[in-house]
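Peer 1: Here you go, this is final.cif (mmCIF, C-alpha atoms).
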data_structure
loop_
_atom_site.label_atom_id
_atom_site.label_comp_id
_atom_site.auth_asym_id
_atom_site.auth_seq_id
_atom_site.Cartn_x
_atom_site.Cartn_y
_atom_site.Cartn_z
CA MET F 1072 154.34 111.10 133.27
CA THR F 1073 154.54 108.45 136.00
CA LYS F 1074 155.87 104.95 135.30
CA LYS F 1075 152.36 103.50 135.50
CA GLN F 1076 150.99 105.98 132.95
CA ASN F 1077 153.99 105.22 130.73
CA LEU F 1078 153.14 101.51 130.82
CA LEU F 1079 149.39 101.97 130.29
CA LYS F 1080 149.63 104.38 127.35
CA GLY F 1081 150.90 101.58 125.12
CA ILE F 1082 147.89 99.44 126.01
CA PHE F 1083 145.14 102.06 125.73
CA GLN F 1084 145.65 105.64 124.48
CA GLU F 1085 148.48 104.80 122.07
CA ASN F 1086 147.73 101.15 121.28
CA PRO F 1087 149.96 100.46 118.26
CA VAL F 1088 147.35 98.38 116.40
CA PHE F 1089 143.95 99.89 117.19
CA VAL F 1090 144.88 103.57 117.62
CA LEU F 1091 148.12 104.18 115.71
CA ILE F 1092 147.38 101.51 113.02
CA LEU F 1093 151.05 100.46 112.72
CA GLY F 1094 152.58 97.07 112.03
CA MET F 1095 149.46 95.60 110.44
CA CYS F 1096 151.00 92.74 108.44
CA PRO F 1097 151.31 90.22 111.34
CA VAL F 1098 147.95 91.41 112.74
CA LEU F 1099 146.35 89.98 109.60
CA GLY F 1100 148.83 87.20 108.86
CA VAL F 1101 149.27 85.25 112.10
CA THR F 1102 145.82 85.65 113.67
CA THR F 1103 144.33 82.39 112.41
CA SER F 1104 144.52 80.97 115.94
CA LEU F 1105 144.96 82.44 119.43
CA LEU F 1106 148.08 80.33 120.07
CA ASN F 1107 149.87 81.73 116.99
CA ALA F 1108 148.92 85.27 118.00
CA LEU F 1109 150.27 84.84 121.54
CA GLY F 1110 153.52 83.38 120.16
CA MET F 1111 153.89 86.27 117.74
CA GLY F 1112 153.09 88.77 120.52
CA ALA F 1113 155.75 87.24 122.79
CA ALA F 1114 158.45 87.29 120.08
CA PHE F 1115 157.52 90.86 119.18
CA THR F 1116 157.57 92.06 122.81
CA VAL F 1117 160.99 90.50 123.48
CA VAL F 1118 162.49 92.18 120.39
CA LEU F 1119 160.87 95.51 121.27
CA ILE F 1120 162.07 95.54 124.91
CA LEU F 1121 165.65 94.51 124.02
CA SER F 1122 165.88 96.99 121.14
CA ASN F 1123 164.56 99.86 123.27
CA ILE F 1124 167.04 99.05 126.06
CA LEU F 1125 170.02 98.71 123.69
CA ILE F 1126 169.21 101.81 121.66
CA SER F 1127 168.63 103.83 124.81
CA LEU F 1128 172.05 102.70 126.10
CA ILE F 1129 173.92 103.69 122.94
CA ARG F 1130 171.81 106.72 122.03
CA LYS F 1131 174.61 109.22 122.82
CA LEU F 1132 177.21 107.26 120.81
CA ILE F 1133 175.28 107.16 117.52
CA PRO F 1134 175.88 110.13 115.19
CA ASN F 1135 172.59 111.76 114.28
CA ASP F 1136 172.96 111.35 110.49
CA ILE F 1137 173.28 107.57 110.48
CA ARG F 1138 170.93 106.77 113.35
CA ILE F 1139 168.25 104.99 111.28
CA PRO F 1140 170.68 102.46 109.68
CA ALA F 1141 172.24 101.91 113.12
CA TYR F 1142 168.81 101.20 114.66
CA ILE F 1143 167.95 98.80 111.83
CA VAL F 1144 171.18 96.83 112.37
CA VAL F 1145 170.48 96.58 116.13
CA ILE F 1146 166.88 95.44 115.48
CA ALA F 1147 167.91 92.95 112.76
CA THR F 1148 170.49 91.40 115.11
CA LEU F 1149 167.88 90.98 117.87
CA VAL F 1150 165.37 89.49 115.43
CA THR F 1151 167.98 87.00 114.22
CA ILE F 1152 168.60 85.93 117.84
CA VAL F 1153 164.86 85.49 118.53
CA ASP F 1154 164.48 83.64 115.22
CA MET F 1155 167.21 81.14 116.14
CA VAL F 1156 165.92 80.67 119.70
CA MET F 1157 162.39 79.94 118.41
CA ASN F 1158 163.75 77.58 115.77
CA ALA F 1159 165.55 75.64 118.52
CA PHE F 1160 162.91 75.55 121.28
CA THR F 1161 159.42 76.09 119.80
CA PHE F 1162 159.75 74.49 116.39
CA SER F 1163 156.04 73.92 115.58
CA LEU F 1164 155.19 77.54 116.43
CA TYR F 1165 158.21 78.67 114.37
CA GLU F 1166 156.88 76.75 111.36
CA GLU F 1167 153.40 78.26 111.79
CA LEU F 1168 154.62 81.87 112.03
CA GLY F 1169 157.08 81.32 109.17
CA ILE F 1170 158.15 84.48 107.39
CA PHE F 1171 156.53 86.80 109.94
CA ILE F 1172 159.36 86.27 112.48
CA PRO F 1173 162.15 87.73 110.28
CA LEU F 1174 159.68 90.39 109.15
CA ILE F 1175 159.64 91.90 112.68
CA VAL F 1176 162.70 93.78 111.35
CA VAL F 1177 160.50 95.92 109.11
CA ASN F 1178 157.66 96.26 111.62
CA CYS F 1179 157.09 100.02 111.89
CA VAL F 1180 156.30 99.80 115.64
CA VAL F 1181 159.83 98.65 116.61
CA LEU F 1182 161.64 101.29 114.56
CA GLY F 1183 159.00 103.84 115.54
CA ARG F 1184 159.57 103.34 119.30
CA ALA F 1185 163.36 103.44 118.81
CA GLU F 1186 163.12 106.75 116.98
CA ALA F 1187 160.32 108.36 118.98
CA TYR F 1188 161.12 107.17 122.52
CA ALA F 1189 164.34 105.18 123.16
CA SER F 1190 166.54 107.73 121.38
CA LYS F 1191 165.43 110.47 123.77
CA ASN F 1192 164.83 108.72 127.13
CA GLY F 1193 166.67 106.74 129.81
CA VAL F 1194 167.02 102.96 129.93
CA VAL F 1195 164.35 102.22 132.56
CA ASP F 1196 161.71 104.47 130.95
CA SER F 1197 162.46 102.98 127.51
CA ALA F 1198 162.09 99.44 128.84
CA ILE F 1199 158.73 100.31 130.45
CA ASP F 1200 157.56 102.01 127.25
CA ALA F 1201 158.52 98.91 125.25
CA LEU F 1202 156.77 96.59 127.70
CA GLY F 1203 153.55 98.65 127.44
CA MET F 1204 153.68 98.79 123.65
CA GLY F 1205 154.48 95.06 123.44
CA LEU F 1206 151.56 94.18 125.73
CA GLY F 1207 149.24 96.49 123.78
CA TYR F 1208 150.28 94.81 120.54
CA THR F 1209 149.88 91.30 121.98
CA ILE F 1210 146.44 92.07 123.44
CA ALA F 1211 145.29 93.56 120.14
CA ILE F 1212 146.36 90.60 118.00
CA ALA F 1213 144.99 88.18 120.64
CA ILE F 1214 141.56 89.87 120.35
CA VAL F 1215 141.59 89.63 116.54
CA ALA F 1216 142.76 86.00 116.72
CA SER F 1217 140.14 84.97 119.30
CA ILE F 1218 137.31 86.39 117.17
CA ARG F 1219 138.62 84.69 114.04
CA GLU F 1220 139.23 81.35 115.77
CA ILE F 1221 135.81 81.25 117.44
CA LEU F 1222 133.84 82.29 114.34
CA GLY F 1223 136.01 80.36 111.89
CA SER F 1224 136.56 77.03 113.58
CA GLY F 1225 134.32 77.12 116.66
CA GLU F 1226 137.32 76.55 118.90
CA LEU F 1227 139.57 78.53 121.22
CA LEU F 1228 143.12 77.26 121.89
CA GLY F 1229 141.98 73.98 120.36
CA PHE F 1230 138.94 73.46 122.65
CA ASN F 1231 135.44 73.35 121.24
CA ILE F 1232 133.59 76.18 122.96
CA ILE F 1233 130.29 76.44 121.12
CA PRO F 1234 127.58 74.96 123.39
CA PHE F 1235 125.08 72.57 121.73
CA ASN F 1236 126.42 73.45 118.24
CA LEU F 1237 124.53 76.76 118.28
CA PHE F 1238 126.04 77.82 114.98
CA GLU F 1239 128.03 76.30 112.18
CA PRO F 1240 131.61 77.79 112.06
CA ALA F 1241 132.14 80.04 109.03
CA THR F 1242 135.45 78.91 107.53
CA ILE F 1243 135.86 82.23 105.70
CA PHE F 1244 137.01 83.81 108.98
CA ILE F 1245 140.20 81.76 109.18
CA LEU F 1246 140.87 82.36 105.49
CA ALA F 1247 142.44 85.56 104.18
CA PRO F 1248 139.27 87.67 103.64
CA GLY F 1249 138.11 87.07 107.21
CA ALA F 1250 141.21 88.83 108.55
CA PHE F 1251 140.42 92.04 106.69
CA ILE F 1252 136.71 91.99 107.56
CA THR F 1253 137.29 91.25 111.29
CA LEU F 1254 139.84 94.04 111.55
CA GLY F 1255 137.56 96.49 109.73
CA PHE F 1256 134.69 95.86 112.16
CA LEU F 1257 137.02 96.03 115.20
CA LEU F 1258 138.42 99.39 114.09
CA ALA F 1259 134.88 100.68 113.59
CA LEU F 1260 134.02 99.54 117.14
CA ILE F 1261 137.08 101.41 118.48
CA ASN F 1262 135.91 104.51 116.59
CA VAL F 1263 132.49 104.28 118.30
CA ILE F 1264 134.07 103.90 121.77
CA VAL F 1265 136.46 106.82 121.22
CA ALA F 1266 133.63 109.03 119.92
CA LYS F 1267 131.45 108.20 122.98
CA ARG F 1268 134.29 108.98 125.39
CA ASN F 1269 135.12 112.28 123.67
CA LYS F 1270 131.44 113.28 123.87
CA LYS F 1271 131.40 112.47 127.60
CA THR F 1272 134.48 114.60 128.38
CA VAL F 1273 133.01 117.51 126.41
CA GLU F 1274 129.73 117.25 128.38
CA ASN F 1275 131.59 117.08 131.72
CA LYS F 1276 133.39 120.30 130.90
CA MET O 864 155.37 76.42 80.90
CA ASN O 865 156.09 76.14 84.62
CA LEU O 866 157.35 79.72 84.50
CA ILE O 867 154.02 80.93 83.04
CA ILE O 868 152.11 79.10 85.80
CA LEU O 869 154.42 80.57 88.44
CA GLY O 870 153.90 84.06 86.99
CA ILE O 871 150.10 83.82 86.92
CA SER O 872 149.93 82.27 90.37
CA SER O 873 152.18 84.91 91.93
CA ILE O 874 150.07 87.74 90.48
CA LEU O 875 146.58 86.42 91.18
CA ILE O 876 146.56 83.44 93.55
CA GLN O 877 149.36 84.11 96.02
CA ASN O 878 148.67 87.83 95.78
CA VAL O 879 151.03 89.68 98.07
CA ILE O 880 148.36 91.82 99.74
CA LEU O 881 145.20 89.73 99.58
CA SER O 882 146.61 86.35 100.55
CA GLN O 883 150.10 86.87 102.02
CA PHE O 884 149.30 90.06 103.99
CA LEU O 885 152.59 91.79 103.14
CA GLY O 886 152.88 95.52 102.45
CA ILE O 887 149.64 96.42 104.20
CA CYS O 888 151.01 99.68 105.69
CA SER O 889 151.83 101.21 102.32
CA TYR O 890 148.66 99.71 100.84
CA ILE O 891 146.44 101.58 103.30
CA GLY O 892 148.66 104.68 103.36
CA VAL O 893 149.25 105.36 99.69
CA SER O 894 145.99 104.20 98.10
CA LYS O 895 144.05 107.44 98.63
CA LYS O 896 144.75 108.68 95.09
CA SER O 897 145.14 106.52 91.97
CA GLN O 898 148.04 108.65 90.72
CA SER O 899 150.15 108.04 93.81
CA ALA O 900 149.13 104.37 93.87
CA ILE O 901 150.63 103.93 90.39
CA GLY O 902 153.78 105.79 91.44
CA MET O 903 154.25 103.59 94.48
CA GLY O 904 153.52 100.47 92.41
CA LEU O 905 156.18 101.31 89.81
CA ALA O 906 158.77 102.05 92.52
CA VAL O 907 157.97 98.75 94.24
CA ILE O 908 158.29 96.72 91.00
CA PHE O 909 161.73 98.22 90.43
CA VAL O 910 162.98 97.75 94.00
CA ILE O 911 161.62 94.20 94.48
CA LEU O 912 163.17 93.02 91.21
CA THR O 913 166.59 94.60 91.85
CA SER O 914 166.85 93.69 95.52
CA SER O 915 165.68 90.09 95.20
CA LEU O 916 168.13 89.48 92.34
CA LEU O 917 170.92 90.97 94.47
CA THR O 918 170.05 89.07 97.64
CA PHE O 919 169.63 85.85 95.65
CA THR O 920 173.13 86.31 94.19
CA ILE O 921 174.63 87.09 97.61
CA ASP O 922 172.90 84.06 99.10
CA LYS O 923 174.06 81.75 96.32
CA PHE O 924 177.71 82.79 96.19
CA ILE O 925 178.56 84.13 99.65
CA LEU O 926 176.17 83.12 102.44
CA TYR O 927 175.31 79.55 101.41
CA PRO O 928 178.85 78.27 100.56
CA ASN O 929 180.22 79.74 103.80
CA ASP O 930 177.43 78.39 106.01
CA LEU O 931 176.26 81.87 106.98
CA ILE O 932 172.54 81.62 106.22
CA TYR O 933 171.63 82.71 109.74
CA MET O 934 172.94 86.17 108.72
CA ARG O 935 170.23 86.48 106.02
CA THR O 936 167.93 88.92 107.80
CA ILE O 937 170.71 91.38 108.64
CA VAL O 938 172.41 91.19 105.24
CA TYR O 939 169.13 91.45 103.31
CA ILE O 940 167.84 94.50 105.14
CA LEU O 941 171.16 96.29 104.54
CA VAL O 942 171.10 95.34 100.85
CA ILE O 943 167.50 96.53 100.51
CA SER O 944 168.15 99.90 102.12
CA GLY O 945 171.26 100.23 99.94
CA VAL O 946 169.27 99.43 96.79
CA VAL O 947 166.57 101.93 97.72
CA GLN O 948 169.18 104.63 98.32
CA PHE O 949 170.91 103.82 95.02
CA VAL O 950 167.66 103.72 93.05
CA GLU O 951 166.76 107.09 94.49
CA MET O 952 170.09 108.67 93.45
CA PHE O 953 169.97 107.00 90.02
CA ILE O 954 166.44 108.10 89.19
CA LYS O 955 167.19 111.60 90.46
CA LYS O 956 170.06 111.93 87.95
CA ALA O 957 168.67 109.92 85.04
CA ALA O 958 164.96 110.77 85.07
CA PRO O 959 164.15 113.83 87.17
CA LEU O 960 160.52 113.70 86.00
CA ILE O 961 159.95 110.20 87.39
CA TYR O 962 161.86 111.17 90.53
CA LYS O 963 159.47 114.06 91.06
CA MET O 964 156.53 111.69 90.67
CA LEU O 965 157.89 109.00 93.03
CA GLY O 966 159.66 111.43 95.37
CA ILE O 967 158.47 110.62 98.87
CA TYR O 968 157.51 106.98 98.14
CA LEU O 969 161.05 105.81 97.48
CA PRO O 970 162.45 105.99 101.05
CA LEU O 971 159.24 104.39 102.36
CA ILE O 972 159.93 101.20 100.40
CA THR O 973 162.75 100.12 102.75
CA THR O 974 160.20 99.33 105.44
CA ASN O 975 157.72 97.76 103.01
CA CYS O 976 157.62 94.17 104.22
CA ALA O 977 156.78 92.91 100.72
CA VAL O 978 160.38 93.61 99.64
CA LEU O 979 162.02 91.66 102.47
CA GLY O 980 159.26 89.07 102.19
CA VAL O 981 160.03 88.31 98.53
CA ALA O 982 163.79 88.28 99.21
CA LEU O 983 163.26 85.70 101.96
CA THR O 984 160.72 83.63 99.98
CA VAL O 985 162.99 83.06 96.96
CA VAL O 986 165.62 81.43 99.21
CA ALA O 987 163.14 79.53 101.42
CA PRO O 988 163.80 75.77 101.81
CA GLU O 989 160.72 74.81 99.73
CA ASN O 990 162.04 76.84 96.75
CA LYS O 991 165.62 75.63 96.91
CA ASN O 992 165.71 74.40 93.30
CA TRP O 993 164.87 77.88 91.96
CA GLY O 994 167.33 79.54 89.58
CA TYR O 995 167.48 83.05 88.13
CA PRO O 996 164.51 82.61 85.70
CA GLU O 997 162.16 81.60 88.54
CA VAL O 998 163.41 84.40 90.79
CA ILE O 999 162.86 87.02 88.06
CA VAL O 1000 159.36 85.73 87.20
CA TYR O 1001 158.31 85.42 90.85
CA SER O 1002 159.54 88.87 91.90
CA LEU O 1003 157.97 90.48 88.83
CA GLY O 1004 154.71 88.59 89.44
CA ILE O 1005 154.49 89.56 93.11
CA SER O 1006 155.27 93.22 92.46
CA ILE O 1007 152.84 93.41 89.51
CA GLY O 1008 150.21 91.84 91.79
CA TYR O 1009 150.93 94.52 94.38
CA THR O 1010 150.62 97.32 91.80
CA LEU O 1011 147.40 95.84 90.40
CA ILE O 1012 145.69 95.60 93.79
CA ILE O 1013 146.83 98.98 95.07
CA TYR O 1014 145.63 100.63 91.83
CA VAL O 1015 142.26 98.85 91.76
CA PHE O 1016 141.75 99.68 95.44
CA SER O 1017 142.68 103.35 94.98
CA THR O 1018 139.98 103.76 92.32
CA MET O 1019 137.45 102.17 94.71
CA ARG O 1020 138.61 104.44 97.49
CA GLU O 1021 138.08 107.53 95.34
CA ARG O 1022 134.45 106.45 94.98
CA LEU O 1023 134.13 105.66 98.69
CA GLU O 1024 134.99 109.31 99.37
CA ASN O 1025 131.71 110.38 97.79
CA SER O 1026 129.45 107.71 99.24
CA ASP O 1027 127.39 107.81 102.40
CA ILE O 1028 129.23 105.68 104.98
CA PRO O 1029 128.22 105.38 108.67
CA GLU O 1030 130.38 107.69 110.80
CA ALA O 1031 132.18 104.88 112.67
CA PHE O 1032 133.26 103.12 109.46
CA LYS O 1033 134.78 106.16 107.76
CA GLY O 1034 138.44 105.93 106.78
CA THR O 1035 140.41 102.80 107.64
CA PRO O 1036 137.58 100.45 108.78
CA ILE O 1037 135.70 100.63 105.48
CA ALA O 1038 139.03 100.30 103.64
CA PHE O 1039 139.72 96.98 105.40
CA ILE O 1040 136.20 95.66 104.80
CA THR O 1041 136.38 96.59 101.10
CA THR O 1042 139.73 94.78 100.89
CA GLY O 1043 138.12 91.74 102.53
CA ILE O 1044 135.40 91.63 99.90
CA MET O 1045 138.01 92.02 97.18
CA ALA O 1046 139.94 89.11 98.76
CA ILE O 1047 136.81 86.93 98.58
CA ALA O 1048 136.56 87.72 94.85
CA PHE O 1049 140.24 86.86 94.36
CA MET O 1050 139.80 83.50 96.12
CA GLY O 1051 137.96 82.47 92.96
CA PHE O 1052 141.25 82.55 91.05
CA ALA O 1053 142.50 79.63 93.16
CA GLY O 1054 140.59 77.29 90.85
CA LEU O 1055 142.22 78.82 87.77
CA LEU O 1056 145.21 76.47 87.73
CA GLY O 1057 143.26 73.50 89.06
#
Take the structure in the file and give it back as structure tokens.
Peer 2:
Amino acid sequence: MTKKQNLLKGIFQENPVFVLILGMCPVLGVTTSLLNALGMGAAFTVVLILSNILISLIRKLIPNDIRIPAYIVVIATLVTIVDMVMNAFTFSLYEELGIFIPLIVVNCVVLGRAEAYASKNGVVDSAIDALGMGLGYTIAIAIVASIREILGSGELLGFNIIPFNLFEPATIFILAPGAFITLGFLLALINVIVAKRNKKTVENK
Amino acid sequence: MNLIILGISSILIQNVILSQFLGICSYIGVSKKSQSAIGMGLAVIFVILTSSLLTFTIDKFILYPNDLIYMRTIVYILVISGVVQFVEMFIKKAAPLIYKMLGIYLPLITTNCAVLGVALTVVAPENKNWGYPEVIVYSLGISIGYTLIIYVFSTMRERLENSDIPEAFKGTPIAFITTGIMAIAFMGFAGLLG
């Protein structure tokens, strides 16, 4: 696998949210506005890249039996650092994201990449893998957040974008039920696209 | 009286799945059969109650007096995985029948964000005047709310299996949409306590 393929697999074929359906709590919880989603995506990507690099560096030192607790301690330390940095420099975003920043510790994607990739591959490859997965995650939650923000408040990043008041914003989309319904329809759309592509490759053969 | 209001509100209004979005992974993963949903629910009630009491005690007597609250995340996740391990060994010895029923769900609970979520909520700045009674009621309420929703949803999902769903919506998409509709119904409870 080339470095480019390694980067792109996290965004498309193995997108953590749309294809693997991992780490769903923040996907539903912080997607009330695009700004929150981008902030969450950035925090998540930083933790993922640093944890993949660190775990890849120490992968030969960790005894096999206690590797999961060791990974969790590494990830929890990184999350604490990110948590404190955000508290100091981006306070309003920190308040908005609230409990979802410390909860990156139990996000299955981070531990999953440590176990499935960083523990078996070199530092550079692990960093690229983490960057791809982080971007894939950020893009996915940005899509969900854009849909919810446009339909729910008629705005995107705080700007009114509905021309001539074509429709009245449906507040339900920025409330809790809207998160589930948006995600359900998006996953169905992904299913349709995947099914079409599979059909095409079968016909080409 | 405040404790009763807190209990009702943590079960129905601030429901852990439908309004706080915690524990979604296990909610989608384990709700295929009602039997396993109940098993997971019982294990979660036990672990949330034990671990939040433990972390609350540690916070009150060790972290807070020594100005170490920035260590919360690390300490809590270690305590939770310790509790899960201990609960697993204890149930295995004391009640092999229950152990057989819960079996694979127990280790999964460590990465259930509802557990860490409750542990962090009970020490959050806005709840700083909470004592043990509030912590017990809140953690019981949240975990009972989790069990209730995962059980109700598993019975719906058993019916969804037999109904005619468009190909693209089969599996997870229809599960999320059903949850959304359930969340709309639960929004009605917000008026319950006025």
Peer 1: If you count all atoms listed in the file, which residues fall within 8 Å of stretch 1146-1161 of chain F, apart from same-chain ones fewer than 5 positions away, as a PyMOL selection string?
Peer 2: (chain F and resi 1114+1118+1121-1122+1172-1173+1175-1176+1181-1182) or (chain O and resi 933-934+936-937+940)
Peer 1: Applying the PyMOL selection byres ((chain O) within 9 of (chain F)) to the file I just gave you, which residues come out? Please list them as a ChimeraX atom specification.
Peer 2: /O:881-888,933-938,940-941,944,973-976,979-980,983-984,1030-1033,1035-1047,1050
Peer 1: List as a ChimeraX atom specification the protein and nucleic acid residues near O:Leu971, meaning an atom at most 12 Å away when all atoms listed in the file are counted, but skip any in the same chain fewer than 6 places from it.
Peer 2: /F:1177,1179 /O:886,888-890,892-893,903,906-907,910,943-944,947-948,951,965,977-978
Peer 1: Restricting the calculation to all atoms listed in the file, which member of O:Leu931, O:Ile1028, O:Val981, O:Ile954 is positioned closest to O:Leu1003?
Peer 2: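 Closest to O:Leu1003 of all the choices is O:Val981.
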Peer 1: How many Å separate atom CA of F:Ile1218 from atom CA of O:Ser1017?
Peer 2: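 Interatomic distance here is 28.4 Å.
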Peer 1: Determine the nearest neighbour of O:Ile867 from the options O:Ile1005, O:Lys923, O:Glu997, O:Asp1027, counting only C-alpha atoms.
Peer 2: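 Closest to O:Ile867, using only C-alpha atoms: O:Glu997.
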Peer 1: Between F:Thr1103, F:Gly1183, F:Ser1190, F:Phe1230, which residue has the minimum interatomic distance to F:Asn1135, considering all atoms listed in the file?
Peer 2: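 Ranked by minimum distance to F:Asn1135, first place goes to F:Ser1190.
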Peer 1: Any chance you could resolve the PyMOL selection byres ((chain F and resi 1224-1229) around 8) against this file and give the residues as an MDAnalysis selection string?
Peer 2: chainID F and resid 1104:1106 1217 1219:1223 1230:1233 1239:1242 1245
Peer 1: Quick one: apply the PyMOL selection byres ((chain O and resi 905) around 10) to the file and drop the selected residues here as a ChimeraX atom specification.
Peer 2: /O:899-904,906-910,961,965,1006-1007,1009-1010
Peer 1: Write the residues of the selection above to a file with C-alpha atoms, as a PDB file, keeping the file's coordinate frame.
Peer 2:
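Below you can see again.pdb, which holds the result:
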ATOM      1  CA  SER O 899     150.150 108.040  93.810  1.00  0.00           C
ATOM      2  CA  ALA O 900     149.130 104.370  93.870  1.00  0.00           C
ATOM      3  CA  ILE O 901     150.630 103.930  90.390  1.00  0.00           C
ATOM      4  CA  GLY O 902     153.780 105.790  91.440  1.00  0.00           C
ATOM      5  CA  MET O 903     154.250 103.590  94.480  1.00  0.00           C
ATOM      6  CA  GLY O 904     153.520 100.470  92.410  1.00  0.00           C
ATOM      7  CA  ALA O 906     158.770 102.050  92.520  1.00  0.00           C
ATOM      8  CA  VAL O 907     157.970  98.750  94.240  1.00  0.00           C
ATOM      9  CA  ILE O 908     158.290  96.720  91.000  1.00  0.00           C
ATOM     10  CA  PHE O 909     161.730  98.220  90.430  1.00  0.00           C
ATOM     11  CA  VAL O 910     162.980  97.750  94.000  1.00  0.00           C
ATOM     12  CA  ILE O 961     159.950 110.200  87.390  1.00  0.00           C
ATOM     13  CA  LEU O 965     157.890 109.000  93.030  1.00  0.00           C
ATOM     14  CA  SER O1006     155.270  93.220  92.460  1.00  0.00           C
ATOM     15  CA  ILE O1007     152.840  93.410  89.510  1.00  0.00           C
ATOM     16  CA  TYR O1009     150.930  94.520  94.380  1.00  0.00           C
ATOM     17  CA  THR O1010     150.620  97.320  91.800  1.00  0.00           C
TER      18      THR O1010
END
Peer 1: Looking at O:Gln898, O:Phe1049, O:Gly1034, O:Ser915, which one is nearest to O:Asn878, with distances taken over all atoms listed in the file?
Peer 2: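 Of all the options, O:Phe1049 lies closest to O:Asn878.
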Peer 1: Enclose the full set of atoms of stretch 1019-1029 of chain O listed in the file within a box whose edges lie along x, y and z, apply 8 Å of padding to each of the six sides, and report centre and edge lengths in Å to one decimal as JSON.
Peer 2:
{"center_x": 133.0, "center_y": 106.3, "center_z": 101.7, "size_x": 27.2, "size_y": 24.2, "size_z": 30.0}
Peer 1: Using atom CA of O:Phe1052 and atom CA of O:Ser872 as the two end points, give the distance in Å to one decimal.
Peer 2: 8.7 Å
Peer 1: Would you compute the distance between atom CA of F:Gly1110 and atom CA of F:Val1215? Give it in Å to one decimal.
Peer 2: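 Separation between atom CA of F:Gly1110 and atom CA of F:Val1215: 13.9 Å.
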Peer 1: What lies within 7 Å of F:Ile1124 using only C-alpha atoms, ignoring chain neighbours under 5 positions off, as a list in words?
Peer 2: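 These residues fall inside the cut-off: Val1194, Ser1197 and Ala1198 of chain F.
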